[in-house]
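Enquirer: There's a structure below that I have some questions on.
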Amino acid sequence: MGKVKEMAMDNEDKWFDIAGSKIGGCETIAEFMIAMEPHRDLMAHFTDRELDELQCDAWDNFWAEKL
């Protein structure tokens, strides 16, 4: 695996770890997205639209498990 791909995958793992630690403390998806904005650089290889979809999916999956 190339170094750039490895770095991107490591950054994704970091982003998901951060998302997992923040998502439960947010009351709305908008609040979650705002909380994740400082970590946008970890997902630089995603377009804004792709990242929005990823955050929506993470939100839906998190709360679906709580029902």
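Chain labels A, B, ... are given in the sequence in which chains occur in the structure tokens; within each chain residues are numbered consecutively from 1, and ligands are likewise numbered from 1 in the order shown.
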Excluding same-chain residues fewer than 6 positions from stretch 15-29 of chain A, what lies within 8 Å of it counting only C-alpha atoms, as a ChimeraX atom specification?

Expert: /A:35-36,39,42-43,56,59,62

Enquirer: Those selected residues, please, written with N, CA, C and O atoms and delivered as an mmCIF file, in the first residue's frame.

Expert:
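Once written, again-v1.cif looks like this:
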data_model
loop_
_atom_site.group_PDB
_atom_site.id
_atom_site.type_symbol
_atom_site.label_atom_id
_atom_site.label_comp_id
_atom_site.auth_asym_id
_atom_site.auth_seq_id
_atom_site.Cartn_x
_atom_site.Cartn_y
_atom_site.Cartn_z
ATOM 1 N N ALA A 35 -19.576 20.098 15.525
ATOM 2 C CA ALA A 35 -18.543 19.562 16.423
ATOM 3 C C ALA A 35 -17.412 18.890 15.642
ATOM 4 O O ALA A 35 -16.265 18.874 16.081
ATOM 5 N N MET A 36 -17.727 18.364 14.471
ATOM 6 C CA MET A 36 -16.728 17.656 13.667
ATOM 7 C C MET A 36 -15.970 18.580 12.713
ATOM 8 O O MET A 36 -14.941 18.181 12.174
ATOM 9 N N HIS A 39 -12.197 18.945 12.611
ATOM 10 C CA HIS A 39 -11.467 17.740 12.227
ATOM 11 C C HIS A 39 -11.580 17.463 10.723
ATOM 12 O O HIS A 39 -11.228 16.391 10.260
ATOM 13 N N LEU A 42 -8.735 15.910 8.544
ATOM 14 C CA LEU A 42 -8.476 14.473 8.538
ATOM 15 C C LEU A 42 -9.130 13.784 7.344
ATOM 16 O O LEU A 42 -8.724 12.685 6.954
ATOM 17 N N MET A 43 -10.132 14.427 6.774
ATOM 18 C CA MET A 43 -10.877 13.844 5.663
ATOM 19 C C MET A 43 -10.711 14.684 4.400
ATOM 20 O O MET A 43 -11.630 14.824 3.600
ATOM 21 N N CYS A 56 -23.962 12.000 8.075
ATOM 22 C CA CYS A 56 -25.372 11.603 8.193
ATOM 23 C C CYS A 56 -25.490 10.109 8.451
ATOM 24 O O CYS A 56 -26.289 9.678 9.290
ATOM 25 N N TRP A 59 -24.440 9.370 11.997
ATOM 26 C CA TRP A 59 -25.512 9.800 12.904
ATOM 27 C C TRP A 59 -26.648 8.776 12.913
ATOM 28 O O TRP A 59 -27.090 8.338 13.972
ATOM 29 N N PHE A 62 -25.561 5.458 14.557
ATOM 30 C CA PHE A 62 -25.407 5.593 16.009
ATOM 31 C C PHE A 62 -26.768 5.547 16.692
ATOM 32 O O PHE A 62 -26.974 4.797 17.646
#

Enquirer: Using the chain letters and numbers from this document, which residues of stretch 1-66 of chain A does DSSP assign to alpha helix (DSSP H), as a tab-separated table (two decimals) with N, CA and C atoms, in the first residue's frame?

Expert:
chain	number	residue	atom	x	y	z
A	3	LYS	N	2.14	5.09	0.69
A	3	LYS	CA	2.17	5.90	1.92
A	3	LYS	C	1.00	6.88	2.00
A	4	VAL	N	0.62	7.45	0.86
A	4	VAL	CA	-0.49	8.41	0.87
A	4	VAL	C	-1.80	7.71	1.23
A	5	LYS	N	-2.03	6.55	0.64
A	5	LYS	CA	-3.25	5.80	0.96
A	5	LYS	C	-3.25	5.37	2.42
A	6	GLU	N	-2.10	4.94	2.91
A	6	GLU	CA	-1.99	4.53	4.31
A	6	GLU	C	-2.28	5.71	5.24
A	7	MET	N	-1.77	6.88	4.90
A	7	MET	CA	-2.02	8.07	5.71
A	7	MET	C	-3.51	8.43	5.67
A	8	ALA	N	-4.14	8.34	4.51
A	8	ALA	CA	-5.56	8.65	4.39
A	8	ALA	C	-6.38	7.69	5.24
A	9	MET	N	-6.02	6.42	5.22
A	9	MET	CA	-6.75	5.42	6.03
A	9	MET	C	-6.55	5.67	7.52
A	10	ASP	N	-5.35	6.03	7.92
A	10	ASP	CA	-5.08	6.36	9.32
A	10	ASP	C	-5.90	7.58	9.75
A	11	ASN	N	-5.97	8.59	8.87
A	11	ASN	CA	-6.75	9.78	9.18
A	11	ASN	C	-8.23	9.46	9.29
A	12	GLU	N	-8.72	8.58	8.43
A	12	GLU	CA	-10.12	8.17	8.54
A	12	GLU	C	-10.38	7.50	9.87
A	13	ASP	N	-9.48	6.61	10.28
A	13	ASP	CA	-9.63	5.95	11.58
A	13	ASP	C	-9.68	6.97	12.71
A	14	LYS	N	-8.80	7.97	12.66
A	14	LYS	CA	-8.80	9.02	13.68
A	14	LYS	C	-10.11	9.78	13.66
A	15	TRP	N	-10.59	10.11	12.45
A	15	TRP	CA	-11.84	10.85	12.33
A	15	TRP	C	-12.99	10.06	12.94
A	16	PHE	N	-13.07	8.77	12.63
A	16	PHE	CA	-14.15	7.94	13.18
A	16	PHE	C	-14.04	7.81	14.70
A	17	ASP	N	-12.84	7.74	15.23
A	17	ASP	CA	-12.66	7.71	16.69
A	17	ASP	C	-13.18	9.00	17.32
A	18	ILE	N	-12.86	10.12	16.72
A	18	ILE	CA	-13.33	11.41	17.23
A	18	ILE	C	-14.84	11.50	17.11
A	19	ALA	N	-15.37	11.09	15.95
A	19	ALA	CA	-16.82	11.13	15.74
A	19	ALA	C	-17.53	10.28	16.78
A	20	GLY	N	-16.99	9.11	17.05
A	20	GLY	CA	-17.59	8.22	18.04
A	20	GLY	C	-17.60	8.81	19.44
A	21	SER	N	-16.60	9.63	19.74
A	21	SER	CA	-16.54	10.24	21.07
A	21	SER	C	-17.44	11.46	21.19
A	22	LYS	N	-17.82	12.06	20.07
A	22	LYS	CA	-18.62	13.28	20.11
A	22	LYS	C	-20.10	13.06	19.83
A	29	ILE	N	-28.15	16.46	14.45
A	29	ILE	CA	-27.10	16.18	13.47
A	29	ILE	C	-26.33	17.45	13.14
A	30	ALA	N	-27.01	18.58	13.14
A	30	ALA	CA	-26.33	19.85	12.88
A	30	ALA	C	-25.28	20.12	13.95
A	31	GLU	N	-25.61	19.86	15.19
A	31	GLU	CA	-24.66	20.04	16.28
A	31	GLU	C	-23.47	19.10	16.11
A	32	PHE	N	-23.74	17.88	15.70
A	32	PHE	CA	-22.67	16.90	15.44
A	32	PHE	C	-21.75	17.39	14.31
A	33	MET	N	-22.34	17.88	13.25
A	33	MET	CA	-21.55	18.34	12.12
A	33	MET	C	-20.68	19.54	12.50
A	34	ILE	N	-21.22	20.41	13.31
A	34	ILE	CA	-20.44	21.56	13.79
A	34	ILE	C	-19.29	21.08	14.68
A	35	ALA	N	-19.58	20.10	15.52
A	35	ALA	CA	-18.54	19.56	16.42
A	35	ALA	C	-17.41	18.89	15.64
A	36	MET	N	-17.73	18.36	14.47
A	36	MET	CA	-16.73	17.66	13.67
A	36	MET	C	-15.97	18.58	12.71
A	48	ASP	N	-16.89	17.86	0.21
A	48	ASP	CA	-17.81	18.30	1.27
A	48	ASP	C	-19.09	17.47	1.25
A	49	ARG	N	-19.59	17.18	0.07
A	49	ARG	CA	-20.81	16.38	-0.05
A	49	ARG	C	-20.60	14.96	0.48
A	50	GLU	N	-19.48	14.35	0.12
A	50	GLU	CA	-19.18	13.01	0.62
A	50	GLU	C	-19.07	12.99	2.13
A	51	LEU	N	-18.44	14.02	2.69
A	51	LEU	CA	-18.29	14.08	4.14
A	51	LEU	C	-19.64	14.31	4.82
A	52	ASP	N	-20.47	15.15	4.23
A	52	ASP	CA	-21.82	15.35	4.78
A	52	ASP	C	-22.59	14.03	4.81
A	53	GLU	N	-22.51	13.26	3.73
A	53	GLU	CA	-23.20	11.97	3.67
A	53	GLU	C	-22.63	11.00	4.70
A	54	LEU	N	-21.32	11.01	4.86
A	54	LEU	CA	-20.68	10.15	5.85
A	54	LEU	C	-21.14	10.50	7.26
A	55	GLN	N	-21.23	11.79	7.56
A	55	GLN	CA	-21.67	12.23	8.87
A	55	GLN	C	-23.14	11.85	9.10
A	56	CYS	N	-23.96	12.00	8.07
A	56	CYS	CA	-25.37	11.60	8.19
A	56	CYS	C	-25.49	10.11	8.45
A	57	ASP	N	-24.71	9.32	7.73
A	57	ASP	CA	-24.73	7.87	7.93
A	57	ASP	C	-24.26	7.51	9.33
A	58	ALA	N	-23.21	8.16	9.81
A	58	ALA	CA	-22.70	7.89	11.16
A	58	ALA	C	-23.77	8.23	12.19
A	59	TRP	N	-24.44	9.37	12.00
A	59	TRP	CA	-25.51	9.80	12.90
A	59	TRP	C	-26.65	8.78	12.91
A	60	ASP	N	-27.11	8.40	11.72
A	60	ASP	CA	-28.21	7.44	11.62
A	60	ASP	C	-27.84	6.10	12.24
A	61	ASN	N	-26.64	5.62	11.97
A	61	ASN	CA	-26.21	4.33	12.52
A	61	ASN	C	-26.09	4.38	14.04
A	62	PHE	N	-25.56	5.46	14.56
A	62	PHE	CA	-25.41	5.59	16.01
A	62	PHE	C	-26.77	5.55	16.69
A	63	TRP	N	-27.69	6.36	16.21
A	63	TRP	CA	-28.98	6.45	16.87
A	63	TRP	C	-29.88	5.24	16.59
A	64	ALA	N	-29.69	4.57	15.46
A	64	ALA	CA	-30.45	3.36	15.17
A	64	ALA	C	-30.12	2.26	16.17
A	65	GLU	N	-28.87	2.23	16.62
A	65	GLU	CA	-28.46	1.23	17.61
A	65	GLU	C	-29.04	1.54	19.00
A	66	LYS	N	-29.44	2.77	19.22
A	66	LYS	CA	-29.96	3.18	20.54
A	66	LYS	C	-31.46	2.92	20.67
